[in-house]
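coords.txt follows; it contains compact mmCIF, C-alpha atoms.
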# COMPACT_ATOMS: atom_id res chain seq x y z
CA MET T 1 -8.22 -14.23 49.07
CA SER T 2 -6.76 -11.40 47.02
CA SER T 3 -6.87 -11.57 43.24
CA GLU T 4 -3.05 -11.65 43.25
CA SER T 5 -2.99 -14.66 45.59
CA ALA T 6 -5.67 -16.43 43.56
CA ALA T 7 -3.69 -15.88 40.36
CA ARG T 8 -0.51 -17.21 41.98
CA ARG T 9 -2.26 -20.37 43.15
CA THR T 10 -3.87 -20.93 39.76
CA ALA T 11 -0.44 -20.63 38.17
CA ALA T 12 1.04 -23.03 40.75
CA ALA T 13 -1.54 -25.70 39.93
CA ALA T 14 -1.10 -25.17 36.19
CA ALA T 15 2.66 -25.76 36.56
CA TRP T 16 1.95 -29.45 37.14
CA ALA T 17 0.63 -31.45 34.19
CA SER T 18 -1.24 -33.86 36.43
CA GLU T 19 -1.46 -35.26 39.94
CA ALA T 20 0.61 -38.21 38.72
CA ALA T 21 3.42 -35.82 37.71
CA LEU T 22 3.27 -34.24 41.16
CA ALA T 23 3.45 -37.71 42.78
CA ASP T 24 6.43 -38.60 40.57
CA ALA T 25 8.20 -35.44 41.68
CA TRP T 26 7.62 -36.30 45.32
CA ALA T 27 8.73 -39.92 44.76
CA ALA T 28 12.03 -38.60 43.37
CA GLY T 29 12.58 -36.88 46.72
CA PRO T 30 12.73 -33.11 46.17
CA GLY T 31 15.92 -31.59 47.51
CA GLY T 32 16.83 -28.02 48.30
CA PRO T 33 15.13 -25.69 50.79
CA LEU T 34 11.45 -26.47 51.32
CA ARG T 35 9.01 -24.57 53.50
CA LEU T 36 5.63 -25.64 54.84
CA ALA T 37 2.50 -23.52 54.52
CA ASP T 38 2.86 -22.65 58.22
CA GLY T 39 6.39 -21.32 57.62
CA ARG T 40 8.44 -24.16 59.09
CA PRO T 41 11.38 -25.56 57.10
CA LEU T 42 11.16 -29.13 55.79
CA ARG T 43 13.81 -31.60 54.63
CA VAL T 44 13.04 -34.88 52.87
CA VAL T 45 14.90 -37.77 54.49
CA PHE T 46 13.03 -40.48 52.59
CA PRO T 47 9.97 -39.83 50.36
CA GLY T 48 8.34 -43.19 51.19
CA VAL T 49 7.15 -45.98 48.94
CA PRO T 50 4.07 -45.85 46.68
CA GLY T 51 0.87 -47.08 48.32
CA ASP T 52 -1.27 -49.94 47.02
CA GLY T 53 -4.18 -47.76 45.94
CA THR T 54 -6.30 -48.39 49.06
CA GLY T 55 -5.03 -45.46 51.12
CA PRO T 56 -2.38 -42.72 51.14
CA ASP T 57 -0.17 -42.27 48.10
CA PHE T 58 3.09 -42.99 49.96
CA ARG T 59 3.88 -45.11 53.00
CA GLY T 60 6.83 -45.03 55.38
CA ALA T 61 8.07 -41.54 54.49
CA MET T 62 10.57 -39.79 56.75
CA VAL T 63 10.74 -35.99 56.88
CA ASP T 64 12.52 -33.48 59.07
CA LEU T 65 9.96 -30.89 60.17
CA ALA T 66 11.94 -28.00 61.64
CA GLY T 67 14.23 -30.41 63.48
CA ASP T 68 11.59 -33.01 64.37
CA LEU T 69 12.08 -36.34 62.56
CA VAL T 70 8.61 -37.56 61.59
CA ARG T 71 7.70 -40.86 59.95
CA GLY T 72 4.35 -41.74 58.36
CA ASP T 73 2.20 -41.50 55.24
CA VAL T 74 2.16 -38.78 52.59
CA GLU T 75 -0.87 -37.82 50.49
CA VAL T 76 -0.55 -35.92 47.21
CA HIS T 77 -3.17 -33.69 45.53
CA LEU T 78 -2.94 -31.27 42.64
CA ARG T 79 -4.96 -28.85 44.77
CA HIS T 80 -5.40 -28.70 48.53
CA SER T 81 -9.18 -28.96 48.11
CA GLY T 82 -8.73 -32.48 46.71
CA TRP T 83 -8.34 -33.76 50.27
CA PHE T 84 -11.95 -32.82 51.04
CA ALA T 85 -13.30 -33.66 47.59
CA HIS T 86 -12.07 -37.25 48.05
CA GLY T 87 -13.40 -37.52 51.61
CA HIS T 88 -9.98 -38.11 53.16
CA ASP T 89 -10.81 -35.81 56.08
CA ARG T 90 -13.32 -38.44 57.34
CA ASP T 91 -11.45 -41.58 56.28
CA ALA T 92 -9.61 -43.48 59.03
CA ALA T 93 -7.14 -44.83 56.44
CA TYR T 94 -5.69 -41.31 56.25
CA ALA T 95 -5.25 -40.78 59.98
CA GLY T 96 -1.54 -41.64 59.66
CA VAL T 97 -0.77 -38.95 57.06
CA VAL T 98 2.06 -36.72 58.32
CA LEU T 99 2.41 -34.51 55.25
CA HIS T 100 -0.02 -33.26 52.60
CA VAL T 101 1.84 -32.40 49.38
CA VAL T 102 -0.06 -30.13 46.99
CA GLY T 103 0.59 -28.43 43.70
CA ALA T 104 -1.44 -25.42 44.82
CA ASN T 105 -2.80 -24.45 48.23
CA ASP T 106 -6.08 -23.24 46.76
CA LEU T 107 -8.07 -22.93 50.01
CA PRO T 108 -5.64 -21.70 51.46
CA LEU T 109 -4.99 -23.43 54.81
CA ALA T 110 -1.80 -23.68 56.84
CA ALA T 111 -2.67 -27.27 57.81
CA THR T 112 -5.05 -30.01 56.63
CA PRO T 113 -7.61 -31.19 59.20
CA HIS T 114 -8.58 -34.81 59.82
CA ALA T 115 -11.59 -36.08 61.76
CA SER T 116 -9.21 -37.65 64.29
CA GLY T 117 -8.35 -34.14 65.45
CA ARG T 118 -4.93 -34.07 63.78
CA ARG T 119 -3.81 -31.15 61.67
CA VAL T 120 -1.52 -32.34 58.87
CA PRO T 121 1.27 -30.01 57.68
CA VAL T 122 0.93 -28.79 54.09
CA LEU T 123 3.73 -28.49 51.54
CA GLU T 124 3.06 -26.63 48.31
CA LEU T 125 5.66 -28.24 46.07
CA PRO T 126 7.56 -25.73 43.91
CA PRO T 127 7.10 -26.02 40.12
CA PRO T 128 9.05 -28.67 38.17
CA GLY T 129 12.70 -27.77 37.79
CA ALA T 130 12.64 -25.20 40.58
CA LEU T 131 14.47 -27.47 43.02
CA PRO T 132 17.30 -30.00 42.70
CA GLY T 133 16.33 -33.63 43.07
CA PHE T 134 16.98 -35.59 46.25
CA VAL T 135 20.19 -37.60 45.90
CA PRO T 136 20.90 -40.11 48.69
CA PRO T 137 24.41 -41.38 49.45
CA CYS T 138 23.66 -44.77 47.81
CA ALA T 139 23.57 -42.96 44.44
CA PHE T 140 27.37 -42.70 44.73
CA ALA T 141 27.89 -46.39 45.59
CA ARG T 142 29.22 -47.40 42.17
CA THR T 143 31.51 -44.41 41.73
CA ALA T 144 32.90 -45.13 45.19
CA GLY T 145 33.68 -48.70 44.10
CA LEU T 146 31.22 -50.44 46.42
CA PRO T 147 30.19 -53.96 45.29
CA VAL T 148 26.51 -53.12 44.84
CA GLU T 149 25.32 -56.50 43.57
CA GLU T 150 27.31 -58.42 46.17
CA ARG T 151 25.87 -56.40 49.04
CA LEU T 152 22.34 -56.66 47.69
CA GLY T 153 22.86 -60.41 47.41
CA ARG T 154 24.06 -60.58 51.01
CA LEU T 155 20.97 -58.70 52.16
CA GLY T 156 18.82 -61.01 50.03
CA LEU T 157 20.35 -64.06 51.71
CA ARG T 158 19.53 -62.57 55.10
CA ARG T 159 15.94 -62.12 53.96
CA LEU T 160 15.82 -65.75 52.76
CA ARG T 161 16.94 -66.99 56.17
CA MET T 162 14.26 -64.85 57.84
CA LYS T 163 11.64 -66.47 55.63
CA ALA T 164 13.13 -69.92 56.26
CA ASN T 165 12.89 -69.37 60.02
CA ARG T 166 9.21 -68.60 59.67
CA ALA T 167 8.73 -71.74 57.58
CA ALA T 168 10.52 -73.79 60.24
CA LEU T 169 8.15 -72.49 62.94
CA LEU T 170 5.12 -73.30 60.79
CA ALA T 171 6.49 -76.77 60.01
CA ALA T 172 7.10 -77.49 63.69
CA GLU T 173 3.43 -76.77 64.34
CA ARG T 174 1.80 -78.21 61.21
CA GLY T 175 4.31 -80.14 59.13
CA ALA T 176 6.36 -79.30 56.03
CA GLY T 177 3.53 -79.58 53.50
CA GLU T 178 1.18 -77.41 55.58
CA ALA T 179 3.92 -74.79 56.00
CA LEU T 180 4.50 -74.71 52.24
CA PHE T 181 0.79 -74.32 51.54
CA ALA T 182 0.45 -71.43 54.01
CA LEU T 183 3.44 -69.58 52.57
CA THR T 184 2.20 -70.18 49.01
CA ALA T 185 -1.16 -68.64 49.90
CA GLY T 186 0.63 -65.56 51.22
CA ALA T 187 2.88 -65.34 48.17
CA LEU T 188 0.00 -65.55 45.69
CA LEU T 189 -2.28 -63.09 47.46
CA GLY T 190 0.57 -60.66 48.08
CA PRO T 191 0.90 -57.64 50.38
CA ALA T 192 -2.20 -55.93 48.93
CA HIS T 193 -4.35 -58.72 50.42
CA ARG T 194 -2.71 -59.50 53.75
CA ALA T 195 -6.11 -59.96 55.40
CA ALA T 196 -7.10 -62.63 52.89
CA ALA T 197 -3.74 -64.37 53.19
CA GLY T 198 -4.00 -64.31 56.97
CA ALA T 199 -7.47 -65.81 56.81
CA LEU T 200 -6.32 -68.63 54.56
CA GLN T 201 -3.24 -69.31 56.65
CA GLY T 202 -5.07 -69.20 59.98
CA GLN T 203 -8.39 -70.90 59.24
CA LEU T 204 -7.57 -73.64 56.75
CA ARG T 205 -5.44 -76.75 56.89
CA LEU T 206 -4.12 -78.51 53.83
CA ALA T 207 -4.98 -82.01 55.05
CA ALA T 208 -8.65 -81.08 55.49
CA LEU T 209 -8.73 -79.39 52.08
CA LEU T 210 -7.27 -82.44 50.38
CA ASP T 211 -9.93 -84.62 52.00
CA LEU T 212 -12.58 -82.29 50.57
CA ALA T 213 -10.93 -82.41 47.15
CA GLY T 214 -11.46 -86.17 46.94
CA SER T 215 -9.86 -88.45 44.39
CA GLY T 216 -11.46 -87.29 41.15
CA ASP T 217 -9.69 -85.91 38.11
CA ALA T 218 -7.60 -82.74 38.26
CA ALA T 219 -10.42 -80.44 37.10
CA ALA T 220 -12.88 -81.75 39.68
CA ARG T 221 -10.34 -81.49 42.50
CA ARG T 222 -9.43 -77.94 41.47
CA LEU T 223 -13.09 -76.89 41.58
CA ALA T 224 -13.58 -78.55 44.97
CA LEU T 225 -10.51 -76.82 46.41
CA THR T 226 -11.61 -73.46 45.02
CA ALA T 227 -15.04 -73.84 46.62
CA ALA T 228 -13.42 -74.70 49.96
CA LEU T 229 -11.02 -71.75 49.84
CA ARG T 230 -13.38 -68.99 48.75
CA PRO T 231 -15.29 -68.51 52.05
CA ALA T 232 -12.05 -67.50 53.77
CA ILE T 233 -11.71 -64.42 51.54
CA ALA T 234 -15.37 -63.37 51.57
CA GLY T 235 -15.67 -59.62 52.03
CA VAL T 236 -11.99 -58.88 51.36
CA PRO T 237 -11.68 -55.77 49.12
CA ALA T 238 -10.14 -56.58 45.74
CA ALA T 239 -7.55 -53.77 45.89
CA ALA T 240 -5.05 -55.14 43.40
CA GLY T 241 -7.82 -56.53 41.21
CA ARG T 242 -8.96 -53.05 40.31
CA ARG T 243 -5.68 -52.51 38.50
CA ARG T 244 -4.86 -56.10 37.52
CA PRO T 245 -7.86 -58.47 37.35
CA ALA T 246 -5.56 -61.50 37.55
CA ALA T 247 -4.37 -60.30 40.98
CA ALA T 248 -7.87 -60.13 42.50
CA PRO T 249 -8.27 -62.41 45.57
CA ALA T 250 -10.83 -64.66 43.86
CA ARG T 251 -8.53 -65.24 40.89
CA ARG T 252 -5.53 -65.91 43.10
CA VAL T 253 -7.53 -68.39 45.16
CA GLU T 254 -8.39 -70.24 41.95
CA ALA T 255 -4.68 -70.30 41.09
CA LEU T 256 -3.84 -71.59 44.59
CA ALA T 257 -6.40 -74.37 44.20
CA ALA T 258 -4.95 -75.39 40.82
CA LEU T 259 -1.45 -75.46 42.29
CA ALA T 260 -2.54 -77.51 45.31
CA ALA T 261 -4.38 -79.99 43.09
CA ARG T 262 -1.19 -80.53 41.08
CA TRP T 263 1.31 -80.55 43.93
CA TRP T 264 -0.74 -82.91 46.09
CA PRO T 265 -2.38 -85.55 43.84
CA PRO T 266 -4.86 -88.11 45.28
CA GLY T 267 -3.28 -90.28 47.94
CA ALA T 268 -0.21 -88.07 48.39
CA GLY T 269 -1.28 -86.75 51.79
CA ALA T 270 -0.16 -83.35 53.10
CA ALA T 271 3.58 -84.07 53.08
CA TRP T 272 6.17 -82.17 51.05
CA PRO T 273 5.17 -82.51 47.35
CA GLY T 274 7.16 -84.90 45.21
CA ALA T 275 6.79 -82.43 42.33
CA LEU T 276 9.04 -79.98 44.19
CA ALA T 277 12.31 -81.87 44.11
CA PRO T 278 15.36 -80.02 45.44
CA GLY T 279 16.54 -77.38 43.00
CA CYS T 280 13.47 -77.37 40.73
CA GLY T 281 12.98 -74.20 38.68
CA TRP T 282 10.22 -71.61 38.81
CA GLN T 283 8.28 -73.56 36.18
CA ALA T 284 7.26 -75.98 38.95
CA ALA T 285 5.14 -73.18 40.44
CA ALA T 286 3.56 -72.06 37.15
CA GLY T 287 0.09 -73.09 36.07
CA PRO T 288 -3.43 -71.78 35.40
CA GLY T 289 -3.56 -68.19 36.63
CA ILE T 290 0.14 -68.25 37.58
CA GLY T 291 2.43 -66.78 34.96
CA ARG T 292 6.18 -66.38 35.06
CA ALA T 293 6.28 -63.43 37.49
CA ALA T 294 3.79 -64.98 39.93
CA ALA T 295 5.57 -68.35 39.77
CA ILE T 296 8.88 -66.68 40.63
CA GLU T 297 7.16 -64.95 43.58
CA VAL T 298 5.93 -68.33 44.82
CA MET T 299 9.43 -69.79 44.54
CA ALA T 300 11.09 -66.82 46.29
CA ASN T 301 8.54 -66.43 49.07
CA ALA T 302 7.33 -69.98 49.63
CA VAL T 303 9.05 -72.93 47.95
CA ILE T 304 12.72 -72.09 48.51
CA PRO T 305 12.27 -70.70 52.06
CA ALA T 306 10.06 -73.65 53.02
CA GLY T 307 12.46 -76.13 51.42
CA LEU T 308 15.33 -74.64 53.42
CA GLY T 309 13.45 -74.08 56.67
CA THR T 310 11.79 -77.48 56.85
CA GLY T 311 14.81 -79.46 55.70
CA ALA T 312 12.94 -80.77 52.65
CA TRP T 313 15.83 -79.39 50.54
CA PRO T 314 19.54 -79.62 51.41
CA GLU T 315 20.91 -76.18 52.21
CA SER T 316 23.22 -76.31 49.19
CA ALA T 317 20.28 -76.92 46.82
CA ALA T 318 18.19 -74.15 48.40
CA LEU T 319 21.00 -71.60 48.21
CA ALA T 320 21.83 -72.55 44.61
CA ALA T 321 18.17 -72.15 43.61
CA TRP T 322 18.03 -68.80 45.41
CA GLU T 323 21.11 -67.46 43.66
CA THR T 324 19.95 -68.47 40.16
CA LEU T 325 16.27 -67.50 40.44
CA PRO T 326 15.57 -64.59 38.07
CA ALA T 327 13.74 -61.49 39.27
CA PRO T 328 10.05 -61.20 38.38
CA GLY T 329 10.72 -57.55 37.52
CA THR T 330 11.44 -54.51 39.69
CA TYR T 331 8.65 -53.69 42.14
CA GLY T 332 7.17 -50.21 41.80
CA ARG T 333 8.20 -49.36 45.34
CA LEU T 334 11.85 -50.08 44.45
CA ARG T 335 11.95 -47.93 41.30
CA PRO T 336 13.55 -44.92 43.05
CA LEU T 337 16.17 -47.17 44.65
CA GLU T 338 16.85 -48.81 41.27
CA ARG T 339 17.36 -45.37 39.74
CA TRP T 340 19.77 -44.33 42.50
CA LEU T 341 21.74 -47.55 42.07
CA GLY T 342 22.42 -46.96 38.39
CA GLY T 343 19.04 -47.30 36.70
CA ALA T 344 17.38 -50.14 34.81
CA ALA T 345 20.41 -50.46 32.49
CA ALA T 346 22.62 -51.34 35.46
CA ARG T 347 20.14 -54.07 36.48
CA PRO T 348 20.80 -53.96 40.24
CA PHE T 349 17.75 -56.20 40.78
CA ALA T 350 18.32 -58.69 37.97
CA THR T 351 17.92 -61.68 40.30
CA ALA T 352 15.24 -62.48 42.83
CA ALA T 353 17.89 -62.64 45.55
CA ARG T 354 19.05 -59.07 44.85
CA LEU T 355 15.46 -57.88 44.56
CA GLN T 356 14.75 -59.34 48.00
CA GLY T 357 17.91 -57.64 49.21
CA GLY T 358 16.55 -54.33 47.92
CA LEU T 359 13.35 -54.86 49.88
CA LEU T 360 15.31 -55.52 53.07
CA LEU T 361 17.49 -52.46 52.43
CA GLN T 362 14.40 -50.33 52.03
CA THR T 363 12.52 -51.59 55.08
CA ASP T 364 15.53 -51.76 57.44
CA TYR T 365 17.22 -48.52 56.40
CA CYS T 366 15.32 -46.22 54.01
CA GLU T 367 11.98 -46.40 55.81
CA ARG T 368 13.52 -46.16 59.27
CA GLY T 369 15.29 -42.86 58.81
CA ALA T 370 18.67 -44.57 58.36
CA CYS T 371 19.40 -43.13 54.91
CA GLY T 372 23.15 -42.68 54.70
CA ARG T 373 23.90 -45.50 57.12
CA CYS T 374 23.05 -48.48 54.92
CA PRO T 375 25.57 -50.97 53.41
CA LEU T 376 25.37 -49.10 50.08
CA SER T 377 26.30 -45.68 51.45
CA PRO T 378 29.97 -44.82 50.82
CA PRO T 379 31.71 -44.05 54.15
CA ALA T 380 32.67 -40.54 53.01
CA ALA T 381 29.04 -39.75 52.14
CA ARG T 382 27.41 -41.13 55.28
CA TRP T 383 25.35 -38.66 57.21
Write the structure described by the file as structure tokens, please.
Amino acid sequence: MSSESAARRTAAAAAWASEAALADAWAAGPGGPLRLADGRPLRVVFPGVPGDGTGPDFRGAMVDLAGDLVRGDVEVHLRHSGWFAHGHDRDAAYAGVVLHVVGANDLPLAATPHASGRRVPVLELPPPGALPGFVPPCAFARTAGLPVEERLGRLGLRRLRMKANRAALLAAERGAGEALFALTAGALLGPAHRAAAGALQGQLRLAALLDLAGSGDAAARRLALTAALRPAIAGVPAAAGRRRPAAAPARRVEALAALAARWWPPGAGAAWPGALAPGCGWQAAAGPGIGRAAAIEVMANAVIPAGLGTGAWPESAALAAWETLPAPGTYGRLRPLERWLGGAAARPFATAARLQGGLLLQTDYCERGACGRCPLSPPAARW
């Protein structure tokens, strides 16, 4: 490497304050002409959504590599050598990376190798301010007069009915109470712990757990339920718990046990809980280890869908509860979409229904290369 090349790459790395700043720049979707280290042109269709900390930095990205539309993961490093320093070249979790974004190609290599035999294209991202930001058509939705909140709400309702259909299938197999318990386990453990949620949903049955809980006081039953639930999550990595201890699988299992002990008191059986009367608020799902945000997640992903899907709630009560349920806060993966739809001040995701609509918009359009063809893209701006 010539001294001139080395100096240029040192300057390129120094242009970025940190790897987090580089990741933020990629998340914003850099626009303008981009060129890979191997010389091919690149266009960002969708930058992807932030990972959960257990693998690549971004999931579900869509990029146009010299005319080839490619979808997959994106990994970001301040320097190209970070890929090897972190052992990603031998890690199977990184086999789906389709683009390696770096602040400086310090090796330099035209592609990044992986043990699977793949060679991942490399993009040395230009310094901050050198390129215009990526602006999707949905950023013009409000100026074009599109009813943003109404369309997000419509998408959210579609997502509710999808969840209700799943609840109905579970109820047909196990009963309404069992379906509610399974969905609540999934809602509490969240997407970062799908394996743990799957284990709880597949291996355990509420009726058997309630028999094990016995008829003692609430504290004794909670401890018995916790002890019965814990073996199902043995060996599951505590991904979210590294960032938020309250979200670790063991803590969420304790919260699930406390909720089950309250919802199904001694002698109640495994039927639909009397505590969850039609139209109850998110407070009915709160308790030890379950704050406001987690309780809203349980209502949006378990109670309301199960109430609707199993028939435990009249449709009118379920839809009214869905429309009035507040949002737990904007998910990190939806921050770019929130910004494009007017920013936090515009509050596009102020309700849980609209937040769920945003998730459906992202998974059905943004992450599938359909940017510009979604319900929030003005007709004149559609690609």
Residue with smallest distance to Arg339 in chain T - pool T:Pro136, T:Pro249, T:Pro265, T:Pro30, counting all atoms listed in the file: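 Of T:Pro136, T:Pro249, T:Pro265, T:Pro30, the one nearest Arg339 in chain T, counting all atoms listed in the file, is T:Pro136.
CA of Asp106 in chain T to CA of Leu22 in chain T spans 15.5 Å [interatomic distance, one decimal].
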T:Gly279, T:Gly103, T:Pro305, T:Pro108 ranked by distance to Ser18 in chain T, top pick (using only C-alpha atoms):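 Closest candidate: T:Gly103.
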T:Gly369, T:Ala346, T:His86, T:Lys163 ranked by distance to Arg71 in chain T, top pick (using only C-alpha atoms): T:Gly369
All residues 10 Å or closer to Ala318 in chain T, all atoms listed in the file, same chain fewer than 5 positions away omitted, as a ChimeraX atom specification: /T:160,278-280,303-309,311-313,323
CA of Arg118 in chain T to CA of Leu36 in chain T, distance in Å rounded to a single decimal: 16.2 Å
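Residues within 8 Å of Asp38 in chain T, counting all atoms listed in the file and excluding same-chain residues fewer than 5 positions away, are Ala110, Ala111, Pro121 and Val122 of chain T.
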Got time to write the residues from that selection, C-alpha atoms, as an mmCIF file, in the frame of the given file?
data_model
loop_
_atom_site.group_PDB
_atom_site.id
_atom_site.type_symbol
_atom_site.label_atom_id
_atom_site.label_comp_id
_atom_site.auth_asym_id
_atom_site.auth_seq_id
_atom_site.Cartn_x
_atom_site.Cartn_y
_atom_site.Cartn_z
ATOM 1 C CA ALA T 110 -1.800 -23.680 56.840
ATOM 2 C CA ALA T 111 -2.670 -27.270 57.810
ATOM 3 C CA PRO T 121 1.270 -30.010 57.680
ATOM 4 C CA VAL T 122 0.930 -28.790 54.090
#
Each residue of range 251-294 of chain T with at least one atom at most 7 Å from range 225-229 of chain T should appear once, together with its nearest atom pair and the corresponding distance in Å (one decimal); atoms considered: only C-alpha atoms; ordering: chain, then increasing residue number; output as a tab-separated table.
residue	atom	partner	partner_atom	distance
T:Val253	CA	T:Thr226	CA	6.5
T:Glu254	CA	T:Thr226	CA	5.5
T:Ala257	CA	T:Leu225	CA	5.3
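With all atoms listed in the file as the basis for measurement, T:Glu297 is the residue among T:Asp68, T:Asp52, T:Glu297, T:Glu149 that approaches Pro328 in chain T most closely.
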Pick from T:Thr330, T:Thr310, T:Thr184, T:Ser316, whichever lies nearest to Leu259 in chain T using only C-alpha atoms: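 The closest residue to Leu259 in chain T is T:Thr184.
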Pick from T:Ala302, T:Ala28, T:Leu123, T:Gly291, whichever lies nearest to Ala176 in chain T using only C-alpha atoms: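 Closest residue, counting only C-alpha atoms: T:Ala302.
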Considering all atoms listed in the file, give me a table of residues in range 44-119 of chain T that are at most 12 Å from range 359-368 of chain T, with the closest atom pair and distance in Å for each, as CSV.
residue,atom,partner,partner_atom,distance
T:Val44,CA,T:Cys366,CA,11.6
T:Val45,CA,T:Cys366,CA,8.5
T:Phe46,CA,T:Cys366,CA,6.3
T:Pro47,CA,T:Glu367,CA,8.8
T:Gly48,CA,T:Glu367,CA,6.7
T:Val49,CA,T:Glu367,CA,8.4
T:Phe58,CA,T:Glu367,CA,11.2
T:Arg59,CA,T:Glu367,CA,8.7
T:Gly60,CA,T:Glu367,CA,5.3
T:Ala61,CA,T:Glu367,CA,6.4
T:Met62,CA,T:Glu367,CA,6.8
T:Val63,CA,T:Glu367,CA,10.5
T:Leu69,CA,T:Arg368,CA,10.5
T:Val70,CA,T:Arg368,CA,10.2
T:Arg71,CA,T:Arg368,CA,7.9
T:Gly72,CA,T:Glu367,CA,9.3
T:Asp73,CA,T:Glu367,CA,11.0
For Ala23 in chain T: contacts at 8 Å, only C-alpha atoms, fewer than 4 positions along chain excluded, given as a list in words: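 These residues fall inside the cut-off: Glu19, Ala27, Asp57 and Val76 of chain T.
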Restricting it to C-alpha atoms, dump the selection as a tab-separated table (two decimals), keeping the file's coordinate frame.
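result-v1.tsv, written as the output of this step:
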chain	number	residue	atom	x	y	z
T	19	GLU	CA	-1.46	-35.26	39.94
T	27	ALA	CA	8.73	-39.92	44.76
T	57	ASP	CA	-0.17	-42.27	48.10
T	76	VAL	CA	-0.55	-35.92	47.21
Distance query 12 Å from (-5.3, -28.7, 41.1) using all atoms listed in the file, result as a ChimeraX atom specification: /T:9-22,76-83,85,101-107,124
Straight-line distance linking CA of Cys138 in chain T with CA of Leu334 in chain T, stated in Å to one decimal: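 Here the two named atoms are 13.4 Å from each other.
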